[in-house]
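Asks: Got a structure for you, target04.pdb, holding PDB, C-alpha atoms and all ligand atoms.
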```
ATOM      1  CA  MET A  94       0.000   0.000   0.000  1.00  0.00           C
ATOM      2  CA  LEU A  95       1.072   3.586  -0.656  1.00  0.00           C
ATOM      3  CA  PRO A  96      -0.012   6.954   0.779  1.00  0.00           C
ATOM      4  CA  ASP A  97      -3.181   8.122  -1.026  1.00  0.00           C
ATOM      5  CA  ASP A  98      -1.658  11.236  -2.583  1.00  0.00           C
ATOM      6  CA  LEU A  99       1.206   9.182  -4.018  1.00  0.00           C
ATOM      7  CA  THR A 100      -1.167   6.521  -5.383  1.00  0.00           C
ATOM      8  CA  ASN A 101      -3.241   9.271  -7.015  1.00  0.00           C
ATOM      9  CA  ALA A 102      -0.179  10.910  -8.561  1.00  0.00           C
ATOM     10  CA  LEU A 103       1.065   7.570  -9.938  1.00  0.00           C
ATOM     11  CA  ASN A 104      -2.386   6.791 -11.276  1.00  0.00           C
ATOM     12  CA  LYS A 105      -2.472  10.172 -13.007  1.00  0.00           C
ATOM     13  CA  GLN A 106       0.928   9.377 -14.511  1.00  0.00           C
ATOM     14  CA  VAL A 107      -0.327   6.035 -15.916  1.00  0.00           C
ATOM     15  CA  ASN A 108      -3.019   8.026 -17.695  1.00  0.00           C
ATOM     16  CA  PHE A 109      -0.558  10.717 -18.807  1.00  0.00           C
ATOM     17  CA  GLU A 110       1.735   8.081 -20.376  1.00  0.00           C
ATOM     18  CA  PHE A 111      -1.235   6.549 -22.223  1.00  0.00           C
ATOM     19  CA  TYR A 112      -2.161  10.052 -23.364  1.00  0.00           C
ATOM     20  CA  ALA A 113       1.405  10.536 -24.654  1.00  0.00           C
ATOM     21  CA  ALA A 114       0.974   7.289 -26.649  1.00  0.00           C
ATOM     22  CA  HIS A 115      -2.297   8.665 -28.024  1.00  0.00           C
ATOM     23  CA  SER A 116      -0.646  11.927 -28.979  1.00  0.00           C
ATOM     24  CA  TYR A 117       2.285  10.221 -30.763  1.00  0.00           C
ATOM     25  CA  THR A 118      -0.153   7.979 -32.634  1.00  0.00           C
ATOM     26  CA  ALA A 119      -1.863  11.155 -33.896  1.00  0.00           C
ATOM     27  CA  ILE A 120       1.495  12.617 -34.942  1.00  0.00           C
ATOM     28  CA  ALA A 121       2.327   9.362 -36.779  1.00  0.00           C
ATOM     29  CA  ALA A 122      -0.952   9.741 -38.677  1.00  0.00           C
ATOM     30  CA  TYR A 123      -0.034  13.334 -39.576  1.00  0.00           C
ATOM     31  CA  PHE A 124       3.281  12.149 -41.077  1.00  0.00           C
ATOM     32  CA  ALA A 125       1.634   9.170 -42.812  1.00  0.00           C
ATOM     33  CA  ASN A 126      -0.704  11.626 -44.517  1.00  0.00           C
ATOM     34  CA  LEU A 127       2.315  13.604 -45.777  1.00  0.00           C
ATOM     35  CA  GLY A 128       3.833  10.391 -47.152  1.00  0.00           C
ATOM     36  CA  PHE A 129       6.705  10.256 -44.660  1.00  0.00           C
ATOM     37  CA  LYS A 130       6.673   6.598 -43.696  1.00  0.00           C
ATOM     38  CA  GLY A 131       9.896   6.806 -41.676  1.00  0.00           C
ATOM     39  CA  PHE A 132       8.509   9.522 -39.398  1.00  0.00           C
ATOM     40  CA  ARG A 133       5.282   7.525 -39.172  1.00  0.00           C
ATOM     41  CA  ASN A 134       7.302   4.541 -37.968  1.00  0.00           C
ATOM     42  CA  PHE A 135       9.351   6.645 -35.552  1.00  0.00           C
ATOM     43  CA  PHE A 136       6.245   8.056 -33.859  1.00  0.00           C
ATOM     44  CA  LEU A 137       4.462   4.692 -33.724  1.00  0.00           C
ATOM     45  CA  VAL A 138       7.537   3.232 -32.006  1.00  0.00           C
ATOM     46  CA  GLN A 139       7.453   6.220 -29.643  1.00  0.00           C
ATOM     47  CA  ALA A 140       3.777   5.480 -28.915  1.00  0.00           C
ATOM     48  CA  ALA A 141       4.714   1.861 -28.091  1.00  0.00           C
ATOM     49  CA  GLU A 142       7.372   3.178 -25.705  1.00  0.00           C
ATOM     50  CA  GLU A 143       4.814   5.378 -23.971  1.00  0.00           C
ATOM     51  CA  ARG A 144       2.458   2.420 -23.497  1.00  0.00           C
ATOM     52  CA  PHE A 145       5.425   0.548 -22.026  1.00  0.00           C
ATOM     53  CA  HIS A 146       5.954   3.468 -19.605  1.00  0.00           C
ATOM     54  CA  ALA A 147       2.266   3.460 -18.647  1.00  0.00           C
ATOM     55  CA  MET A 148       2.362  -0.290 -18.001  1.00  0.00           C
ATOM     56  CA  LYS A 149       5.544  -0.002 -15.932  1.00  0.00           C
ATOM     57  CA  ILE A 150       3.703   2.229 -13.422  1.00  0.00           C
ATOM     58  CA  TYR A 151       0.506   0.170 -13.794  1.00  0.00           C
ATOM     59  CA  ASP A 152       2.422  -2.998 -12.869  1.00  0.00           C
ATOM     60  CA  PHE A 153       4.085  -1.212  -9.958  1.00  0.00           C
ATOM     61  CA  LEU A 154       0.735  -0.062  -8.545  1.00  0.00           C
ATOM     62  CA  ASN A 155      -0.609  -3.611  -8.850  1.00  0.00           C
ATOM     63  CA  ASP A 156       2.525  -5.040  -7.217  1.00  0.00           C
ATOM     64  CA  VAL A 157       2.136  -2.799  -4.158  1.00  0.00           C
ATOM     65  CA  GLY A 158      -1.562  -3.648  -3.875  1.00  0.00           C
ATOM     66  CA  GLU A 159      -3.023  -0.450  -5.307  1.00  0.00           C
ATOM     67  CA  ARG A 160      -5.741  -0.132  -7.892  1.00  0.00           C
ATOM     68  CA  VAL A 161      -5.323   1.590 -11.247  1.00  0.00           C
ATOM     69  CA  ILE A 162      -8.144   3.741 -12.608  1.00  0.00           C
ATOM     70  CA  ILE A 163      -8.146   4.439 -16.356  1.00  0.00           C
ATOM     71  CA  GLU A 164      -9.612   7.831 -17.121  1.00  0.00           C
ATOM     72  CA  THR A 165     -11.168   9.581 -20.113  1.00  0.00           C
ATOM     73  CA  MET A 166      -8.628  11.019 -22.508  1.00  0.00           C
ATOM     74  CA  GLU A 167      -8.525  14.461 -24.015  1.00  0.00           C
ATOM     75  CA  GLN A 168      -8.246  14.617 -27.805  1.00  0.00           C
ATOM     76  CA  PRO A 169      -4.584  14.985 -28.756  1.00  0.00           C
ATOM     77  CA  LYS A 170      -3.391  17.523 -31.317  1.00  0.00           C
ATOM     78  CA  ASN A 171      -3.878  16.038 -34.805  1.00  0.00           C
ATOM     79  CA  LEU A 172      -3.106  18.956 -37.097  1.00  0.00           C
ATOM     80  CA  PHE A 173       0.200  20.716 -37.481  1.00  0.00           C
ATOM     81  CA  GLN A 174       1.518  23.504 -39.712  1.00  0.00           C
ATOM     82  CA  SER A 175       4.728  21.627 -40.473  1.00  0.00           C
ATOM     83  CA  PRO A 176       6.816  18.594 -39.462  1.00  0.00           C
ATOM     84  CA  LEU A 177       8.861  20.960 -37.284  1.00  0.00           C
ATOM     85  CA  GLU A 178       5.748  22.020 -35.360  1.00  0.00           C
ATOM     86  CA  ALA A 179       4.828  18.366 -34.726  1.00  0.00           C
ATOM     87  CA  ILE A 180       8.294  17.653 -33.340  1.00  0.00           C
ATOM     88  CA  GLU A 181       8.329  20.826 -31.240  1.00  0.00           C
ATOM     89  CA  HIS A 182       4.959  19.753 -29.848  1.00  0.00           C
ATOM     90  CA  SER A 183       6.557  16.408 -28.925  1.00  0.00           C
ATOM     91  CA  LEU A 184       9.407  18.090 -27.055  1.00  0.00           C
ATOM     92  CA  ALA A 185       6.945  20.337 -25.178  1.00  0.00           C
ATOM     93  CA  GLN A 186       4.940  17.263 -24.193  1.00  0.00           C
ATOM     94  CA  GLU A 187       8.064  15.484 -22.940  1.00  0.00           C
ATOM     95  CA  LYS A 188       8.946  18.537 -20.841  1.00  0.00           C
ATOM     96  CA  ASP A 189       5.493  18.344 -19.224  1.00  0.00           C
ATOM     97  CA  VAL A 190       6.037  14.635 -18.550  1.00  0.00           C
ATOM     98  CA  THR A 191       9.411  15.412 -16.948  1.00  0.00           C
ATOM     99  CA  LYS A 192       7.772  17.992 -14.649  1.00  0.00           C
ATOM    100  CA  ALA A 193       5.123  15.461 -13.620  1.00  0.00           C
ATOM    101  CA  ILE A 194       7.797  12.812 -12.932  1.00  0.00           C
ATOM    102  CA  TYR A 195       9.806  15.264 -10.792  1.00  0.00           C
ATOM    103  CA  LYS A 196       6.686  16.073  -8.749  1.00  0.00           C
ATOM    104  CA  ILE A 197       6.066  12.381  -8.078  1.00  0.00           C
ATOM    105  CA  ALA A 198       9.740  11.903  -7.184  1.00  0.00           C
ATOM    106  CA  ASP A 199       9.470  14.819  -4.698  1.00  0.00           C
ATOM    107  CA  LEU A 200       6.321  13.358  -3.179  1.00  0.00           C
ATOM    108  CA  ALA A 201       7.915   9.906  -2.881  1.00  0.00           C
ATOM    109  CA  THR A 202      10.929  11.502  -1.179  1.00  0.00           C
ATOM    110  CA  GLU A 203       8.673  13.382   1.285  1.00  0.00           C
ATOM    111  CA  HIS A 204       6.993  10.097   2.191  1.00  0.00           C
ATOM    112  CA  LYS A 205      10.370   8.290   2.285  1.00  0.00           C
ATOM    113  CA  GLU A 206       8.736   5.801  -0.120  1.00  0.00           C
ATOM    114  CA  HIS A 207      11.870   4.174  -1.447  1.00  0.00           C
ATOM    115  CA  ALA A 208      10.267   1.773  -3.933  1.00  0.00           C
ATOM    116  CA  THR A 209       8.529   4.668  -5.696  1.00  0.00           C
ATOM    117  CA  MET A 210      11.730   6.717  -5.498  1.00  0.00           C
ATOM    118  CA  ALA A 211      13.595   3.915  -7.309  1.00  0.00           C
ATOM    119  CA  LEU A 212      10.884   3.692  -9.970  1.00  0.00           C
ATOM    120  CA  MET A 213      10.955   7.462 -10.469  1.00  0.00           C
ATOM    121  CA  ASN A 214      14.745   7.388 -10.827  1.00  0.00           C
ATOM    122  CA  TRP A 215      14.276   5.141 -13.849  1.00  0.00           C
ATOM    123  CA  PHE A 216      11.832   7.661 -15.308  1.00  0.00           C
ATOM    124  CA  VAL A 217      14.087  10.642 -14.549  1.00  0.00           C
ATOM    125  CA  GLU A 218      16.851   9.025 -16.642  1.00  0.00           C
ATOM    126  CA  GLU A 219      14.409   8.059 -19.371  1.00  0.00           C
ATOM    127  CA  GLN A 220      13.183  11.659 -19.638  1.00  0.00           C
ATOM    128  CA  VAL A 221      16.729  12.929 -20.225  1.00  0.00           C
ATOM    129  CA  GLU A 222      16.876  10.591 -23.247  1.00  0.00           C
ATOM    130  CA  GLU A 223      13.395  11.495 -24.479  1.00  0.00           C
ATOM    131  CA  GLU A 224      14.024  15.241 -24.386  1.00  0.00           C
ATOM    132  CA  SER A 225      17.451  14.909 -25.961  1.00  0.00           C
ATOM    133  CA  MET A 226      16.076  12.748 -28.800  1.00  0.00           C
ATOM    134  CA  PHE A 227      13.497  15.390 -29.742  1.00  0.00           C
ATOM    135  CA  ARG A 228      15.975  18.251 -29.327  1.00  0.00           C
ATOM    136  CA  ASP A 229      18.321  16.478 -31.782  1.00  0.00           C
ATOM    137  CA  MET A 230      15.471  15.917 -34.217  1.00  0.00           C
ATOM    138  CA  ILE A 231      14.438  19.592 -34.040  1.00  0.00           C
ATOM    139  CA  ALA A 232      18.024  20.650 -34.783  1.00  0.00           C
ATOM    140  CA  LYS A 233      18.164  18.307 -37.811  1.00  0.00           C
ATOM    141  CA  VAL A 234      14.765  19.294 -39.198  1.00  0.00           C
ATOM    142  CA  LYS A 235      15.565  23.000 -38.810  1.00  0.00           C
ATOM    143  CA  ARG A 236      18.624  22.580 -41.028  1.00  0.00           C
ATOM    144  CA  ILE A 237      16.861  20.864 -43.909  1.00  0.00           C
ATOM    145  CA  ASP A 238      14.034  21.777 -46.233  1.00  0.00           C
ATOM    146  CA  VAL A 239      10.960  19.483 -46.194  1.00  0.00           C
ATOM    147  CA  ASP A 240      11.103  19.273 -50.005  1.00  0.00           C
ATOM    148  CA  SER A 241      14.791  18.371 -50.152  1.00  0.00           C
ATOM    149  CA  SER A 242      16.382  14.973 -50.715  1.00  0.00           C
ATOM    150  CA  ALA A 243      18.036  15.372 -47.285  1.00  0.00           C
ATOM    151  CA  PHE A 244      14.574  15.226 -45.720  1.00  0.00           C
ATOM    152  CA  VAL A 245      13.789  12.040 -47.644  1.00  0.00           C
ATOM    153  CA  MET A 246      17.059  10.582 -46.321  1.00  0.00           C
ATOM    154  CA  LEU A 247      16.137  11.520 -42.751  1.00  0.00           C
ATOM    155  CA  ASP A 248      12.749   9.868 -43.279  1.00  0.00           C
ATOM    156  CA  ALA A 249      14.512   6.701 -44.507  1.00  0.00           C
ATOM    157  CA  GLU A 250      16.760   6.707 -41.436  1.00  0.00           C
ATOM    158  CA  LEU A 251      13.748   6.942 -39.109  1.00  0.00           C
ATOM    159  CA  SER A 252      12.125   3.926 -40.741  1.00  0.00           C
ATOM    160  CA  LYS A 253      14.803   1.772 -39.047  1.00  0.00           C
ATOM    161  CA  ARG A 254      13.694   2.502 -35.497  1.00  0.00           C
ATOM    162  CA  SER A 255      12.039  -0.435 -33.734  1.00  0.00           C
ATOM    163  CA  PHE A 256      10.712  -1.036 -30.248  1.00  0.00           C
ATOM    164  CA  ASP A 257      12.505  -3.546 -28.064  1.00  0.00           C
ATOM    165  CA  PRO A 258      11.341  -3.581 -24.432  1.00  0.00           C
ATOM    166  CA  ASP A 259      14.599  -5.360 -23.449  1.00  0.00           C
ATOM    167  CA  GLU A 260      16.580  -2.347 -24.624  1.00  0.00           C
ATOM    168  CA  GLU A 261      14.656  -0.128 -22.221  1.00  0.00           C
ATOM    169  CA  HIS A 262      17.399  -0.166 -19.566  1.00  0.00           C
TER     170      HIS A 262
HETATM  171 FE    FE B   1       6.868   8.329 -21.224  1.00  0.00          FE
HETATM  172 FE    FE B   2       7.993  10.094 -23.551  1.00  0.00          FE
END
```
Spell out the structure here as structure tokens.
Ligand SMILES: [Fe+2]
Ligand SMILES: [Fe+2]
Replies:
Amino acid sequence: MLPDDLTNALNKQVNFEFYAAHSYTAIAAYFANLGFKGFRNFFLVQAAEERFHAMKIYDFLNDVGERVIIETMEQPKNLFQSPLEAIEHSLAQEKDVTKAIYKIADLATEHKEHATMALMNWFVEEQVEEESMFRDMIAKVKRIDVDSSAFVMLDAELSKRSFDPDEEH
């Protein structure tokens, strides 16, 4: 069992991670519609990662004897002005996730809840990677024109990404 406020915060985070998956699925659809299959793949893999994150906290709550409540989801953003805007939206979303993770880590520390602290440490490290990945992509996309062959090459590179839960630390 966990303190109620910590259980609630973790439950909210399960839902937030599922929402992130939802949002990346929408971004994948945006890229699919533009004909960029590599970006589509990249964002669908990202969505799979977010579901993995959600389930990691879900499993934890079950393991400590707490109940998960799945909530209604807001509609994610589906339309973007440009690929750059979609990727900037992704980075902004990851920054919000990082803030939420830090809050839970603070709460777990206040309660001296070491198991949750350990779980949040995993997420703190993961968020460094997530933010850095999107920052790198923004830098690349800013340098190249969407109509250039360089953009097609970037798209081809992103088609190679795959999801392997064993590679997740
Ligand atoms: Fe996540
Ligand atoms: Fe993420």
Asks: Check which residues of chain A sit at most 9 Å from ligand FE 1 (chain B) using only C-alpha atoms and all ligand atoms, and return one row each with the closest pair of atoms and their distance in Å to one decimal, ordered by chain and rising number, as a tab-separated table.
Replies:
```
residue	atom	partner	partner_atom	distance
A:Phe109	CA	B:FE1	FE	8.2
A:Glu110	CA	B:FE1	FE	5.2
A:Phe111	CA	B:FE1	FE	8.4
A:Ala113	CA	B:FE1	FE	6.8
A:Ala114	CA	B:FE1	FE	8.1
A:Gln139	CA	B:FE1	FE	8.7
A:Ala140	CA	B:FE1	FE	8.8
A:Glu142	CA	B:FE1	FE	6.8
A:Glu143	CA	B:FE1	FE	4.5
A:Arg144	CA	B:FE1	FE	7.7
A:Phe145	CA	B:FE1	FE	8.0
A:His146	CA	B:FE1	FE	5.2
A:Ala147	CA	B:FE1	FE	7.2
A:Glu187	CA	B:FE1	FE	7.5
A:Val190	CA	B:FE1	FE	6.9
A:Thr191	CA	B:FE1	FE	8.7
A:Phe216	CA	B:FE1	FE	7.8
A:Glu219	CA	B:FE1	FE	7.8
A:Gln220	CA	B:FE1	FE	7.3
A:Glu223	CA	B:FE1	FE	8.0
```
Asks: As a list in words, please: the residues near A:Ile194 (cut-off 9 Å, all atoms listed in the file, same-chain neighbours under 5 positions excluded).
Replies: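 In the requested format, the answer is Gln106, Asp189, Asp199, Met213, Phe216, Val217 and Gln220 of chain A.
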Asks: Can you work out the spacing between atom CA of A:Leu95 and atom CA of A:Gly158 in Å, to one decimal?
Replies: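 Spanning atom CA of A:Leu95 to atom CA of A:Gly158 is a straight-line distance of 8.3 Å.
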Asks: Return the single residue from A:Met94, A:Ala102, A:Met226, A:Leu172 that is closest to ligand FE 2 (chain B), with distances computed using only C-alpha atoms and all ligand atoms.
Replies: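 Result for the nearest residue to ligand FE 2 (chain B): A:Met226.
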Asks: Run the PyMOL selection byres (((chain A and resi 103) around 10) and not hetatm) mentally over the shown coordinates, then write out the matched residues as a list in words, using the chain letters and numbers from the document.
Replies: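 Matching residues under the PyMOL selection byres (((chain A and resi 103) around 10) and not hetatm) are Asp97, Asp98, Leu99, Thr100, Asn101, Ala102, Asn104, Lys105, Gln106, Val107, Asn108, Phe109, Ala147, Ile150, Tyr151, Phe153, Leu154, Val161, Ala193, Ile194, Ile197, Thr209 and Met213 of chain A.
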Asks: Here is a test: counting only C-alpha atoms, which residue of A:Asp156, A:Glu178, A:Asp248, A:Glu206 is nearest to A:Ala125?
Replies: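 Among the listed residues, the smallest separation from A:Ala125 belongs to A:Asp248.
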Asks: Which residues, protein or nucleic acid, reach to within 6 Å of (10.9, 16.5, -32.8) in the file's coordinates when using all atoms listed in the file, and can you give that as a list in words?
Replies: Ile180, Glu181, Ser183, Phe227, Met230 and Ile231 of chain A
Asks: Generate the output file for the selected residues, C-alpha atoms, as a PDB file, keeping the file's coordinate frame.
Replies:
```
ATOM      1  CA  ILE A 180       8.294  17.653 -33.340  1.00  0.00           C
ATOM      2  CA  GLU A 181       8.329  20.826 -31.240  1.00  0.00           C
ATOM      3  CA  SER A 183       6.557  16.408 -28.925  1.00  0.00           C
ATOM      4  CA  PHE A 227      13.497  15.390 -29.742  1.00  0.00           C
ATOM      5  CA  MET A 230      15.471  15.917 -34.217  1.00  0.00           C
ATOM      6  CA  ILE A 231      14.438  19.592 -34.040  1.00  0.00           C
TER       7      ILE A 231
END
```
Asks: Around all listed atoms of stretch 224-232 of chain A, padded 6 Å per side, what centre and edge lengths does the axis-aligned box have in Å to one decimal, as lines of an AutoDock Vina configuration file?
Replies:
```
center_x = 15.9
center_y = 16.7
center_z = -29.6
size_x = 16.8
size_y = 19.9
size_z = 22.4
```
